[in-house]
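Asks: Below is the structure I would like to discuss, written out as structure tokens.
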Amino acid sequence: MSGTSESHFPTDTKAFDRRTRRNSVFALVFFAGTTFSVAVLIILLFSIINNAFGPMAVENTVDPAALRIGGREYTELDSKELIGILEEHLSRGLIRRYNRETPLNERSTANLVQLVEERIIKPAVKQSWSLAEGLFEGGKIRSHFEDNPTHIRSFRAWLNPSFIVSSQSSTPEDSGIRTALLGSVWIILVTFVFSFPIGIGTAVYLEEYAKDSRLNRFIQTNIYNLAGVPSIIYGLLGLAIFVRILQPLSSGEIFGSVDPSTANGRTVFSAGMTLGLLILPIIIINTQEALRALPASLRHSSFGLGATRWQTVWHHLLPGSMERILTGTIIALSRAIGETAPLVVVGASTFVSLDPEGIFSKFTTLPIQIYQWSARPQGEFRNIAAAAILVLLILLLSMNATAIYFRNRLSRTSRIQ
Amino acid sequence: MEAGSVCFLSLQGGHVSLKISVPPVTGSTDLKKHPRIGETLIFSVLFFFSILSVSITAGIVIILVRESILFFGSGEVSLIEFLGSTEWQPMIGKFGILPLMNSTVMVSFIAVMVAVPLGTAVAVYLSEYASDGLRNILKPVLEVLAGIPTVVYGYFAVTFMTPLLRGIFGNNVVEIYNTASAGIVTGILILPLVTSMSEDAVRAVPLSLRQGAFALGATKLETVVHVVIPAAFSGLSAAFIVGLSRAIGETMIVALAAGAGPNFTFNPFKAAETITGYIVRISGGDVGYNTMDYNSIFALGLVLFLITLILNIISRKIVKKFREVYE
């Protein structure tokens with residue numbers, strides 16, 4: 001602003017032209033920056049979709065054509081013929097094991113077909129390509145199949161129903177996110193149950209009860225600072241407190257429910273509590289803002305009618321701001337669902353194939369799975385990581401849509417303006 | 001408190017109508033405030049909740065300090081060696097934080113170099129140039145970007161940014177894991193945060209300042225550069241500091257893209273583990289309690305906590321000052 005002198009705003013036309021030109025050039029620069037940011041989001045989404053779908057080369061250990069009986073494919077055979085095939089190709093020990101689980105002749109045809117596929121044909125992914133490669137580099141892929149005539153080309157959507165319902169496996173094409181998804185749900189439940197009442201309670205205290213004392217100002221500053229602590233520090237806190245010090249509680253020992261699979265307090269409970277601590281400041285700050293948005297007249301009229309402070313809070317302030325509070329809580333919970341680092345520190349299990357049965361089970365979550373799969377060098381693990389990311393993003397998107405729904409309902413039906 | 005006083009006033013004011021409106025009082029009739037057990041109980045519970053939130057900070061500090069004391073008290077490493085040595089090799093008992101710190105600073109520096117110019121440009125564009133319609137489309141896009149979990153950005157760094165950098169600079173120059181890729185993607189991660197804070201700062205500049213500049217014949221660019229940005233400077237620097245603090249604490253991107261293994265190097269194309277990357281790698285394995293490895297992650301956590309705390313306090317101070325001036 002010191003530049004009101006002539007040197008900054010000269011008046012001759014040449015300089016004026018230069019200034020106008022510079023003006024429009026920079027308008028373009030600012031616009032380009034914005035476009036770039038949007039482009040990044042698009043590239044990000046595209047690179048994920050690109051890896052979640054695409055062509056692949058599969059090789060069968062045994063050609064299905066060799067299993068034909070009387071010109072019929074193995075999928076069209078009856079149980080007796082399928083059992084014959086199984087007994088012919090598999091070792092006696094394996095057959096005995098299957099018989100011990102459920103006798104082969106009592107199994108359904110579909111189950112037997114599945115066994116033949118898994119145990120005899122054993123399709124293995126030899127190579128996979130991304131969606132973009134499939135669309136634009138057809139020649140490269142075609143030459144791969146010319147070089148390897150035994151490979152069968154198929155198009156694979158890595159994100160498919162069986163990916164969602166099957167458990168973890170050591171081979172990427174059989175892996176699924178069932179345990180991870182259930183783990184995420186359990187953990188979020190614990191997080192919500194812990195942080196929602198405490199967060200709202202703290203916010204109500206600070207907004208409605210607290211006087212402007214040194215202690216209360218300290219609490220307020222403290223909450224703002226907590227919101228800026230890196231999430232991994234919460235992981236260390238959770239590791240030291242819930243996993244180590246409170247181990248008898250977090251592993252369920254004191255409730256007598258000692259689960260042999262429990263890993264020393266590295267449970268759903270510890271993970272949920274850690275995330276609860278993490279999002280507590282966010283819920284508090286959001287709720288405080290929601291309460292602050294209510295008009296003072298609401299409080300005054302309630303007090304004027306002789307209501308106590310708590311009656312005012314419970315019957316007027318909380319119902320009046322509930323939609324706003326819920327919006328903030330959903331956003332906080334969606335942050336918790338995406339958190340990875342604190343859970344790795346608290347001790348997510350690397351391989352869980354059993355569904356979590358309660359809050360004292362071992363856990364893995366969707367982001368943890370994505371992390372572990374992304375860290376592997378094999379291409380197919382990258383593909384399932386991309387598919388898991390899509391599931392996570394869809395989950396978060398639907399949560400945010402719910403939050404937006406609440407926000408819109410608020411602006412339509414609110415009785416308090 | 002307030003409820004009581006309001007009630008008391010109305011009693012004094014309308015003594016006659018009081019007898020009609022108040023239901024018959026069974027107990028004592030004195031109008032002094034009497035204790036309400038339910039209210040006191042609720043007050044205590046709510047107060048307890050807020051004390052709990054303070055105890056989170058206390059818990060963080062106590063845990064980090066306690067384990068750090070164990071770490072330094074073991075006799076294997078002195079504070080001077082910890083802060084001054086350029087070797088971090090727990091296997092042979094060398095704990096010098098500099099290689100980890102160096103890569104953390106490098107990643108954060110690259111991130112800020114990406115996010116601050118871009119964030120400022122987007123903020124200026126959104127508040128000064130864009131039409132309302134365009135802004136209503138662009139702001140949600142940035143919010144979506146802000147809502148994406150960090151592990152997804154980590155995946156993006158590994159599968160997109162690193163191959164891109166290797167394609168541009170050559171495979172023998174850029175290693176598979178490198179700080180440049182992690183830094184750029186961390187920059188993209190903090191971009192929405194920096195943008196929204198910067199936009200708030202730019203918007204808070206009173207319209208009259210802009211109109212004054214326009215009236216003096218300044219172009220839009222001159223108004224932005226000479227009037228709006230200097231006026232919003234404190235808010236913009238707060239955005240810068242918060243972004244920096246966020247980048248320093250960022251974990252998943254560096255854990256996936258920056259490489260495992262401390263490395264004291266200033267070359268952004270080489271693999272180098274950061275503080276957060278180390279903590280995640282060590283705690284991800286099965287680490288026994290009270291080992292040097294276990295204690296070392298808490299000592300590193302303490303360093304991380306102090307750095308981010310100081311940065312956050314500074315930024316809050318700046319924002320507070322800036323609010324006083326322009327609201």
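In the structure tokens, each chain is lettered A, B, ... as it comes, each chain's residues begin at 1, and ligands are numbered from 1 in order of appearance.
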Taking 3 positions as the minimum chain separation for residues in the same chain, which residues sit within 7 Å of Glu59 (chain A) when counting only C-alpha atoms? Answer as a list in words.

Replies: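 Listed by chain and then number, they are Pro123, Ala124, Val125, Lys126, Thr150, His151 and Ile152 of chain A.
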
Asks: Using only C-alpha atoms, which residues sit within 6 Å of region 297-300 of chain B once same-chain residues fewer than 2 positions away are excluded, as a VMD selection string?

Replies: chain B and resid 64 67 to 68 279 294 to 295 302 to 303

Asks: Keeping N, CA and C atoms, export the residues of the selection given above as a PDB file, in the first residue's frame.

Replies:
ATOM      1  N   LEU B  64       5.271 -39.984  26.608  1.00  0.00           N
ATOM      2  CA  LEU B  64       6.429 -39.714  25.754  1.00  0.00           C
ATOM      3  C   LEU B  64       7.668 -39.409  26.597  1.00  0.00           C
ATOM      4  N   GLU B  67       8.986 -42.695  28.562  1.00  0.00           N
ATOM      5  CA  GLU B  67       9.738 -43.642  27.738  1.00  0.00           C
ATOM      6  C   GLU B  67      11.044 -43.029  27.242  1.00  0.00           C
ATOM      7  N   SER B  68      11.026 -41.714  27.002  1.00  0.00           N
ATOM      8  CA  SER B  68      12.259 -41.060  26.550  1.00  0.00           C
ATOM      9  C   SER B  68      13.304 -41.091  27.648  1.00  0.00           C
ATOM     10  N   ILE B 279       8.868 -44.732  12.899  1.00  0.00           N
ATOM     11  CA  ILE B 279       7.969 -45.149  13.984  1.00  0.00           C
ATOM     12  C   ILE B 279       7.001 -46.218  13.479  1.00  0.00           C
ATOM     13  N   TYR B 294      11.765 -50.084  21.159  1.00  0.00           N
ATOM     14  CA  TYR B 294      10.477 -49.613  21.671  1.00  0.00           C
ATOM     15  C   TYR B 294      10.614 -48.217  22.246  1.00  0.00           C
ATOM     16  N   ASN B 295      11.638 -48.009  23.079  1.00  0.00           N
ATOM     17  CA  ASN B 295      11.808 -46.695  23.692  1.00  0.00           C
ATOM     18  C   ASN B 295      12.173 -45.629  22.673  1.00  0.00           C
ATOM     19  N   LEU B 302       8.347 -37.839  20.920  1.00  0.00           N
ATOM     20  CA  LEU B 302       8.439 -36.614  21.721  1.00  0.00           C
ATOM     21  C   LEU B 302       8.962 -35.456  20.873  1.00  0.00           C
ATOM     22  N   VAL B 303       9.996 -35.739  20.075  1.00  0.00           N
ATOM     23  CA  VAL B 303      10.549 -34.696  19.200  1.00  0.00           C
ATOM     24  C   VAL B 303       9.461 -34.197  18.242  1.00  0.00           C
TER      25      VAL B 303
END

Asks: From region 102-226 of chain A, collect each residue whose DSSP state is alpha helix (DSSP H) and return the set as a PyMOL selection string.

Replies: chain A and resi 109-115+131-136+138-147+161-165+178-204+214-226

Asks: What are the residues of chain A lining chain B at 7 Å or less? Count only C-alpha atoms, and put the answer as a VMD selection string.

Replies: chain A and resid 1 9 23 26 30 to 31 33 to 34 41 44 198 201 to 202 205 219 222 225 to 226 228 to 230 233 237 240 303 to 304 306 308 to 310 338 to 341 344 to 345 347 367 371 374 to 375 389

Asks: I need the chosen residues saved as a compact mmCIF listing (two decimals), in the first residue's frame, with C-alpha atoms.

Replies:
# COMPACT_ATOMS: atom_id res chain seq x y z
CA MET A 1 0.00 0.00 0.00
CA PHE A 9 0.65 3.42 -11.16
CA ASN A 23 -3.04 -8.46 -15.23
CA PHE A 26 -1.71 -13.51 -13.90
CA PHE A 30 -4.25 -18.19 -10.92
CA PHE A 31 -6.76 -20.02 -13.05
CA GLY A 33 -3.25 -23.21 -10.49
CA THR A 34 -6.88 -23.93 -9.73
CA LEU A 41 -8.03 -34.99 -8.03
CA LEU A 44 -5.82 -39.52 -8.48
CA ILE A 198 -17.72 -37.33 26.07
CA GLY A 201 -20.39 -33.32 27.32
CA THR A 202 -17.14 -31.40 27.14
CA TYR A 205 -19.50 -27.74 29.70
CA ILE A 219 -8.97 -26.52 28.73
CA ASN A 222 -5.61 -27.51 25.17
CA ASN A 225 -3.75 -27.88 20.41
CA LEU A 226 -4.89 -31.50 20.60
CA GLY A 228 -3.19 -30.37 15.70
CA VAL A 229 -1.26 -33.29 17.18
CA PRO A 230 -0.15 -35.73 14.44
CA ILE A 233 1.33 -39.61 18.37
CA LEU A 237 -0.47 -43.02 23.34
CA ALA A 240 1.36 -47.29 25.85
CA PHE A 303 -34.34 -19.53 31.87
CA GLY A 304 -37.12 -17.00 32.00
CA GLY A 306 -37.71 -21.14 35.26
CA THR A 308 -32.59 -25.03 35.14
CA ARG A 309 -29.40 -24.94 33.13
CA TRP A 310 -29.49 -28.64 32.40
CA GLY A 338 -9.55 -43.47 7.02
CA GLU A 339 -6.86 -43.37 9.70
CA THR A 340 -4.02 -45.82 9.25
CA ALA A 341 -0.87 -44.74 11.10
CA VAL A 344 -0.39 -49.67 12.73
CA VAL A 345 1.31 -48.37 15.88
CA GLY A 347 -0.79 -53.11 16.51
CA PRO A 367 -6.89 -48.69 5.34
CA TYR A 371 -1.33 -50.06 3.26
CA SER A 374 0.35 -51.22 -1.54
CA ALA A 375 3.66 -51.98 0.16
CA ILE A 389 -9.46 -47.99 -2.02

Asks: Pick out the residues sitting within 9 Å of region 155-162 of chain A, and hand them over as a PyMOL selection string; count only C-alpha atoms, and ignore anything fewer than 6 positions along from it in its own chain.

Replies: chain A and resi 51-57+128+173-176+383-384+386-388+390-391

Asks: Tell me, as a ChimeraX atom specification, which residues lie within 10 Å of region 268-274 of chain B, counting only C-alpha atoms; anything in the same chain fewer than 6 positions away does not count.

Replies: /B:97-107,110,162,165-166,169,172-183,248-251,254-255,257-262,280-281

Asks: May I ask for the distance between CA of Leu77 (chain A) and CA of Asp63 (chain A), given in Å to one decimal place?

Replies: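 Answer for the CA of Leu77 (chain A) to CA of Asp63 (chain A) separation: 16.0 Å.
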